[in-house]
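Q: Got a structure for you, structure15.pdb, holding PDB, C-alpha atoms.
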```
MODEL        1
ATOM      1  CA  MET M   1      19.208  -7.407   6.636
ATOM      2  CA  THR M   2      18.209  -9.825   3.853
ATOM      3  CA  PHE M   3      15.760  -8.807   1.119
ATOM      4  CA  LEU M   4      13.020 -10.918   2.707
ATOM      5  CA  GLU M   5      13.610  -9.347   6.132
ATOM      6  CA  THR M   6      13.483  -5.870   4.577
ATOM      7  CA  GLU M   7      10.307  -6.733   2.683
ATOM      8  CA  ASN M   8       8.670  -8.154   5.824
ATOM      9  CA  ASP M   9       9.682  -5.023   7.742
ATOM     10  CA  CYS M  10       8.030  -2.886   5.041
ATOM     11  CA  VAL M  11       4.854  -5.012   5.145
ATOM     12  CA  LEU M  12       4.604  -4.694   8.924
ATOM     13  CA  THR M  13       5.225  -0.953   8.714
ATOM     14  CA  LEU M  14       2.461  -0.589   6.115
ATOM     15  CA  VAL M  15       0.044  -2.642   8.223
ATOM     16  CA  GLN M  16       0.705  -0.302  11.140
ATOM     17  CA  ALA M  17       0.185   2.754   8.919
ATOM     18  CA  LEU M  18      -3.152   1.347   7.690
ATOM     19  CA  VAL M  19      -4.653   0.916  11.174
ATOM     20  CA  GLY M  20      -7.740   3.102  11.415
ATOM     21  CA  ALA M  21      -7.317   4.531   7.908
ATOM     22  CA  VAL M  22      -9.023   1.944   5.683
ATOM     23  CA  SER M  23     -12.524   2.786   4.493
ATOM     24  CA  PRO M  24     -15.007   0.421   2.796
ATOM     25  CA  ASN M  25     -13.911   2.052  -0.496
ATOM     26  CA  PHE M  26     -10.451   0.447  -0.254
ATOM     27  CA  ARG M  27     -10.401  -2.716  -2.355
ATOM     28  CA  ARG M  28      -6.732  -3.655  -2.111
ATOM     29  CA  VAL M  29      -3.450  -2.285  -0.799
ATOM     30  CA  SER M  30      -0.202  -3.820  -1.975
ATOM     31  CA  LEU M  31       3.505  -3.234  -1.692
ATOM     32  CA  HIS M  32       6.337  -3.864  -4.135
ATOM     33  CA  LEU M  33       9.961  -3.538  -3.052
ATOM     34  CA  ALA M  34      12.784  -3.194  -5.556
ATOM     35  CA  ASP M  35      16.269  -1.989  -4.591
ATOM     36  CA  ASP M  36      15.728   1.146  -2.478
ATOM     37  CA  ARG M  37      12.304   1.864  -3.966
ATOM     38  CA  VAL M  38       8.969   0.940  -2.428
ATOM     39  CA  ARG M  39       5.747   1.214  -4.408
ATOM     40  CA  LEU M  40       2.493   1.354  -2.487
ATOM     41  CA  ARG M  41      -0.503   0.577  -4.693
ATOM     42  CA  PHE M  42      -4.022   1.409  -3.526
ATOM     43  CA  VAL M  43      -7.085   0.227  -5.432
ATOM     44  CA  LEU M  44     -10.254   2.198  -4.678
ATOM     45  CA  GLU M  45     -13.751   1.375  -5.885
ATOM     46  CA  ARG M  46     -14.622   5.029  -6.506
ATOM     47  CA  ASP M  47     -12.659   8.261  -6.394
ATOM     48  CA  SER M  48     -12.839   9.982  -3.018
ATOM     49  CA  GLU M  49     -10.976  13.058  -1.831
ATOM     50  CA  GLU M  50     -11.247  11.811   1.753
ATOM     51  CA  ASP M  51      -9.652   8.474   0.850
ATOM     52  CA  ARG M  52      -6.933  10.187  -1.179
ATOM     53  CA  ASP M  53      -6.133  12.309   1.900
ATOM     54  CA  GLU M  54      -5.980   9.127   3.992
ATOM     55  CA  ILE M  55      -3.629   7.575   1.423
ATOM     56  CA  GLU M  56      -1.316  10.592   1.708
ATOM     57  CA  ASP M  57      -1.359  10.183   5.492
ATOM     58  CA  ILE M  58      -0.700   6.436   5.206
ATOM     59  CA  ALA M  59       2.275   7.060   2.918
ATOM     60  CA  PHE M  60       3.652   9.723   5.288
ATOM     61  CA  VAL M  61       3.362   7.446   8.334
ATOM     62  CA  PHE M  62       4.822   4.527   6.369
ATOM     63  CA  GLU M  63       7.829   6.517   5.193
ATOM     64  CA  SER M  64       8.462   8.034   8.614
ATOM     65  CA  GLN M  65       8.458   4.578  10.249
ATOM     66  CA  LEU M  66      10.883   2.909   7.818
ATOM     67  CA  SER M  67      14.128   1.745   9.376
ATOM     68  CA  GLY M  68      16.182   3.218   6.526
ATOM     69  CA  PRO M  69      15.910   5.626   3.619
ATOM     70  CA  ALA M  70      13.790   4.573   0.653
ATOM     71  CA  ASP M  71      12.140   6.177  -2.339
ATOM     72  CA  VAL M  72       8.399   5.689  -1.742
ATOM     73  CA  GLU M  73       6.088   5.837  -4.743
ATOM     74  CA  VAL M  74       2.314   5.881  -4.295
ATOM     75  CA  GLU M  75      -0.033   4.655  -7.004
ATOM     76  CA  VAL M  76      -3.808   5.025  -6.742
ATOM     77  CA  ILE M  77      -6.061   3.055  -9.081
ATOM     78  CA  VAL M  78      -9.781   3.823  -9.163
ATOM     79  CA  ASP M  79     -11.646   0.877 -10.653
ATOM     80  CA  ALA M  80     -14.891  -0.840  -9.721
ATOM     81  CA  GLY M  81     -14.285  -3.629 -12.249
ATOM     82  CA  PRO M  82     -12.181  -6.744 -11.825
ATOM     83  CA  LEU M  83      -9.104  -6.185  -9.678
ATOM     84  CA  PRO M  84      -5.932  -5.589 -11.679
ATOM     85  CA  GLY M  85      -3.351  -8.363 -11.622
ATOM     86  CA  LEU M  86      -0.341  -8.302  -9.358
ATOM     87  CA  GLU M  87       3.183  -7.772 -10.614
ATOM     88  CA  PRO M  88       5.800 -10.412  -9.771
ATOM     89  CA  GLY M  89       7.001  -9.734  -6.236
ATOM     90  CA  GLU M  90       4.032  -7.541  -5.322
ATOM     91  CA  ARG M  91       2.572  -8.420  -1.910
ATOM     92  CA  VAL M  92      -1.026  -7.805  -0.905
ATOM     93  CA  VAL M  93      -1.206  -6.229   2.535
ATOM     94  CA  TYR M  94      -4.943  -5.559   2.608
ATOM     95  CA  GLY M  95      -7.739  -6.976   0.489
ATOM     96  CA  ARG M  96     -11.424  -6.574   1.145
ATOM     97  CA  ARG M  97     -13.820  -9.424   0.538
ATOM     98  CA  GLU M  98     -15.273  -9.055  -2.938
ATOM     99  CA  THR M  99     -18.715 -10.523  -3.669
TER     100      THR M  99
ENDMDL
END
```
Could you quickly redo this structure as C-alpha cells?

A:
Amino acid sequence: MTFLETENDCVLTLVQALVGAVSPNFRRVSLHLADDRVRLRFVLERDSEEDRDEIEDIAFVFESQLSGPADVEVEVIVDAGPLPGLEPGERVVYGRRET
C-alpha cells in the first residue's frame, strides 16, 4: 500500500470511529501519519470528562479497526480561542463551523 492509500485508510477508519461520538464541544479532529505512528489530535472548546471518555473510545475503535499495527498517540487540546495551526501533513477529519 502506498503512503497515500495508508493515510486515506486511516482517515476513513477515524471517520467510522467518530460516528455517534462527536459532541458540540468538539472543535476539530485531525490525523497525522508518520512511519508507523498515527497521531490523533482532538481540539475541545472546554474540558469535559464525558468527551475525554468518548475520545478514549474513539481511539480504541480506531486502533482496533486499523489494517495493520501502528503506534497510536492521542493528543487533546482544550482551547476556546483561535484554533491552533496544522502541522505539515496533518489532515482535518472533522471541523465544526466556527462563528

Q: Measure the distance from CA of Glu45 (chain M) to CA of Arg97 (chain M) in Å and round it to one decimal.

A: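 So the answer is 12.6 Å.
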
Q: Using all atoms listed in the file, can you tell me which of M:Val93, M:Ala80, M:Cys10, M:Val61 comes closest to Leu33 (chain M)?

A: M:Cys10

Q: Would you translate the PyMOL selection byres ((chain M and resi 59) around 9) into the concrete set of residues it matches in this file, as a PyMOL selection string?

A: chain M and resi 14+17+40+54-58+60-64+72-74

Q: Write out as a tab-separated table (two decimals) with C-alpha atoms, in the coordinates of the input which residues come within 7 Å of Asp79 (chain M) when counting all atoms listed in the file, dropping same-chain ones fewer than 5 positions away.

A:
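Final output, saved to part25.tsv:
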```
chain	number	residue	atom	x	y	z
M	43	VAL	CA	-7.08	0.23	-5.43
M	44	LEU	CA	-10.25	2.20	-4.68
M	45	GLU	CA	-13.75	1.38	-5.88
M	46	ARG	CA	-14.62	5.03	-6.51
```

Q: Run the PyMOL selection byres ((chain M and resi 99) around 12) against the file shown and list the residues it catches, as a compact mmCIF listing (two decimals) with C-alpha atoms, keeping the file's coordinate frame.

A:
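Writing done, so here's out.txt:
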```
# COMPACT_ATOMS: atom_id res chain seq x y z
CA ARG M 27 -10.40 -2.72 -2.36
CA GLY M 81 -14.28 -3.63 -12.25
CA PRO M 82 -12.18 -6.74 -11.82
CA ARG M 96 -11.42 -6.57 1.14
CA ARG M 97 -13.82 -9.42 0.54
CA GLU M 98 -15.27 -9.06 -2.94
```

Q: Set up a box along x, y and z of the file covering all listed atoms of region 77-84 of chain M, add 5 Å on every one of the six sides, and write the centre and edge lengths in Å to one decimal, as lines of an AutoDock Vina configuration file.

A:
```
center_x = -10.4
center_y = -1.5
center_z = -10.7
size_x = 19.0
size_y = 20.6
size_z = 13.2
```

Q: Restricting the calculation to all atoms listed in the file, which member of M:Val38, M:Leu83, M:Ile77, M:Ala21 is positioned closest to Asp53 (chain M)?

A: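 Looking at the shortest contact to Asp53 (chain M), the residue is M:Ala21.
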
Q: Smallest atom-to-atom distance to Asp71 (chain M): which of M:Arg39, M:Pro24, M:Leu12, M:Glu5, using all atoms listed in the file?

A: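 Of all the options, M:Arg39 lies closest to Asp71 (chain M).
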
Q: State, in Å with one decimal place, the distance from CA of Ser48 (chain M) to CA of Gly89 (chain M).

A: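 Separation between CA of Ser48 (chain M) and CA of Gly89 (chain M): 28.2 Å.
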
Q: Interatomic distance between CA of Asp9 (chain M) and CA of Ser67 (chain M)?

A: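 It comes out at 8.3 Å.
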
Q: Name the closest residue to Pro84 (chain M) among the candidates M:Gln16, M:Ser30, M:Asn25, M:Thr6; distances are taken between atoms, counting only C-alpha atoms.

A: M:Ser30

Q: Kindly indicate which residue among M:Val11, M:Val78, M:Ala70, M:Val92 lies nearest to Asp36 (chain M), using all atoms listed in the file for the distances.

A: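 Of the candidates, the smallest distance to Asp36 (chain M) is held by M:Ala70.
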
Q: Of the candidates M:Met1, M:Gly20, M:Tyr94, M:Glu7, which one gets nearest to Ala34 (chain M) if we count all atoms listed in the file?

A: M:Glu7

Q: Any chance you could model N, CA and C atoms for region 3-33 of chain M and send them as a PDB file, in the coordinates of the input?

A:
```
ATOM      1  N   PHE M   3      16.871  -9.403   1.859  1.00  0.00           N
ATOM      2  CA  PHE M   3      15.760  -8.807   1.119  1.00  0.00           C
ATOM      3  C   PHE M   3      14.426  -9.188   1.757  1.00  0.00           C
ATOM      4  N   LEU M   4      14.275 -10.463   2.117  1.00  0.00           N
ATOM      5  CA  LEU M   4      13.020 -10.918   2.707  1.00  0.00           C
ATOM      6  C   LEU M   4      12.753 -10.222   4.044  1.00  0.00           C
ATOM      7  N   GLU M   5      13.782 -10.048   4.856  1.00  0.00           N
ATOM      8  CA  GLU M   5      13.610  -9.347   6.132  1.00  0.00           C
ATOM      9  C   GLU M   5      13.214  -7.892   5.896  1.00  0.00           C
ATOM     10  N   THR M   6      13.821  -7.255   4.907  1.00  0.00           N
ATOM     11  CA  THR M   6      13.483  -5.870   4.577  1.00  0.00           C
ATOM     12  C   THR M   6      12.052  -5.778   4.078  1.00  0.00           C
ATOM     13  N   GLU M   7      11.667  -6.717   3.208  1.00  0.00           N
ATOM     14  CA  GLU M   7      10.307  -6.733   2.683  1.00  0.00           C
ATOM     15  C   GLU M   7       9.296  -6.957   3.807  1.00  0.00           C
ATOM     16  N   ASN M   8       9.573  -7.900   4.696  1.00  0.00           N
ATOM     17  CA  ASN M   8       8.670  -8.154   5.824  1.00  0.00           C
ATOM     18  C   ASN M   8       8.569  -6.943   6.739  1.00  0.00           C
ATOM     19  N   ASP M   9       9.685  -6.243   6.935  1.00  0.00           N
ATOM     20  CA  ASP M   9       9.682  -5.023   7.742  1.00  0.00           C
ATOM     21  C   ASP M   9       8.787  -3.965   7.089  1.00  0.00           C
ATOM     22  N   CYS M  10       8.870  -3.840   5.767  1.00  0.00           N
ATOM     23  CA  CYS M  10       8.030  -2.886   5.041  1.00  0.00           C
ATOM     24  C   CYS M  10       6.553  -3.267   5.151  1.00  0.00           C
ATOM     25  N   VAL M  11       6.243  -4.552   5.036  1.00  0.00           N
ATOM     26  CA  VAL M  11       4.854  -5.012   5.145  1.00  0.00           C
ATOM     27  C   VAL M  11       4.300  -4.684   6.530  1.00  0.00           C
ATOM     28  N   LEU M  12       5.056  -4.991   7.560  1.00  0.00           N
ATOM     29  CA  LEU M  12       4.604  -4.694   8.924  1.00  0.00           C
ATOM     30  C   LEU M  12       4.415  -3.187   9.125  1.00  0.00           C
ATOM     31  N   THR M  13       5.326  -2.405   8.598  1.00  0.00           N
ATOM     32  CA  THR M  13       5.225  -0.953   8.714  1.00  0.00           C
ATOM     33  C   THR M  13       3.977  -0.443   8.007  1.00  0.00           C
ATOM     34  N   LEU M  14       3.666  -1.002   6.834  1.00  0.00           N
ATOM     35  CA  LEU M  14       2.461  -0.589   6.115  1.00  0.00           C
ATOM     36  C   LEU M  14       1.210  -1.005   6.866  1.00  0.00           C
ATOM     37  N   VAL M  15       1.196  -2.201   7.425  1.00  0.00           N
ATOM     38  CA  VAL M  15       0.044  -2.642   8.223  1.00  0.00           C
ATOM     39  C   VAL M  15      -0.203  -1.662   9.365  1.00  0.00           C
ATOM     40  N   GLN M  16       0.843  -1.252  10.037  1.00  0.00           N
ATOM     41  CA  GLN M  16       0.705  -0.302  11.140  1.00  0.00           C
ATOM     42  C   GLN M  16       0.176   1.043  10.645  1.00  0.00           C
ATOM     43  N   ALA M  17       0.641   1.477   9.477  1.00  0.00           N
ATOM     44  CA  ALA M  17       0.185   2.754   8.919  1.00  0.00           C
ATOM     45  C   ALA M  17      -1.282   2.693   8.493  1.00  0.00           C
ATOM     46  N   LEU M  18      -1.768   1.512   8.144  1.00  0.00           N
ATOM     47  CA  LEU M  18      -3.152   1.347   7.690  1.00  0.00           C
ATOM     48  C   LEU M  18      -4.163   1.320   8.831  1.00  0.00           C
ATOM     49  N   VAL M  19      -3.725   1.055  10.045  1.00  0.00           N
ATOM     50  CA  VAL M  19      -4.653   0.916  11.174  1.00  0.00           C
ATOM     51  C   VAL M  19      -5.501   2.183  11.315  1.00  0.00           C
ATOM     52  N   GLY M  20      -6.796   2.001  11.236  1.00  0.00           N
ATOM     53  CA  GLY M  20      -7.740   3.102  11.415  1.00  0.00           C
ATOM     54  C   GLY M  20      -7.933   3.973  10.190  1.00  0.00           C
ATOM     55  N   ALA M  21      -7.238   3.670   9.085  1.00  0.00           N
ATOM     56  CA  ALA M  21      -7.317   4.531   7.908  1.00  0.00           C
ATOM     57  C   ALA M  21      -8.099   3.922   6.753  1.00  0.00           C
ATOM     58  N   VAL M  22      -8.383   2.639   6.809  1.00  0.00           N
ATOM     59  CA  VAL M  22      -9.023   1.944   5.683  1.00  0.00           C
ATOM     60  C   VAL M  22     -10.534   2.155   5.726  1.00  0.00           C
ATOM     61  N   SER M  23     -11.069   2.621   4.605  1.00  0.00           N
ATOM     62  CA  SER M  23     -12.524   2.786   4.493  1.00  0.00           C
ATOM     63  C   SER M  23     -13.087   1.634   3.654  1.00  0.00           C
ATOM     64  N   PRO M  24     -14.417   1.475   3.626  1.00  0.00           N
ATOM     65  CA  PRO M  24     -15.007   0.421   2.796  1.00  0.00           C
ATOM     66  C   PRO M  24     -14.704   0.592   1.299  1.00  0.00           C
ATOM     67  N   ASN M  25     -14.245   1.771   0.894  1.00  0.00           N
ATOM     68  CA  ASN M  25     -13.911   2.052  -0.496  1.00  0.00           C
ATOM     69  C   ASN M  25     -12.579   1.414  -0.915  1.00  0.00           C
ATOM     70  N   PHE M  26     -11.747   1.065   0.042  1.00  0.00           N
ATOM     71  CA  PHE M  26     -10.451   0.447  -0.254  1.00  0.00           C
ATOM     72  C   PHE M  26     -10.690  -1.000  -0.687  1.00  0.00           C
ATOM     73  N   ARG M  27     -10.244  -1.351  -1.867  1.00  0.00           N
ATOM     74  CA  ARG M  27     -10.401  -2.716  -2.355  1.00  0.00           C
ATOM     75  C   ARG M  27      -9.147  -3.538  -2.095  1.00  0.00           C
ATOM     76  N   ARG M  28      -7.987  -2.932  -2.324  1.00  0.00           N
ATOM     77  CA  ARG M  28      -6.732  -3.655  -2.111  1.00  0.00           C
ATOM     78  C   ARG M  28      -5.615  -2.653  -1.884  1.00  0.00           C
ATOM     79  N   VAL M  29      -4.685  -3.049  -1.020  1.00  0.00           N
ATOM     80  CA  VAL M  29      -3.450  -2.285  -0.799  1.00  0.00           C
ATOM     81  C   VAL M  29      -2.307  -3.277  -0.941  1.00  0.00           C
ATOM     82  N   SER M  30      -1.340  -2.924  -1.763  1.00  0.00           N
ATOM     83  CA  SER M  30      -0.202  -3.820  -1.975  1.00  0.00           C
ATOM     84  C   SER M  30       1.101  -3.041  -1.927  1.00  0.00           C
ATOM     85  N   LEU M  31       2.162  -3.796  -1.825  1.00  0.00           N
ATOM     86  CA  LEU M  31       3.505  -3.234  -1.692  1.00  0.00           C
ATOM     87  C   LEU M  31       4.442  -3.989  -2.627  1.00  0.00           C
ATOM     88  N   HIS M  32       5.312  -3.252  -3.285  1.00  0.00           N
ATOM     89  CA  HIS M  32       6.337  -3.864  -4.135  1.00  0.00           C
ATOM     90  C   HIS M  32       7.664  -3.204  -3.793  1.00  0.00           C
ATOM     91  N   LEU M  33       8.639  -4.027  -3.442  1.00  0.00           N
ATOM     92  CA  LEU M  33       9.961  -3.538  -3.052  1.00  0.00           C
ATOM     93  C   LEU M  33      10.964  -3.925  -4.124  1.00  0.00           C
TER      94      LEU M  33
END
```
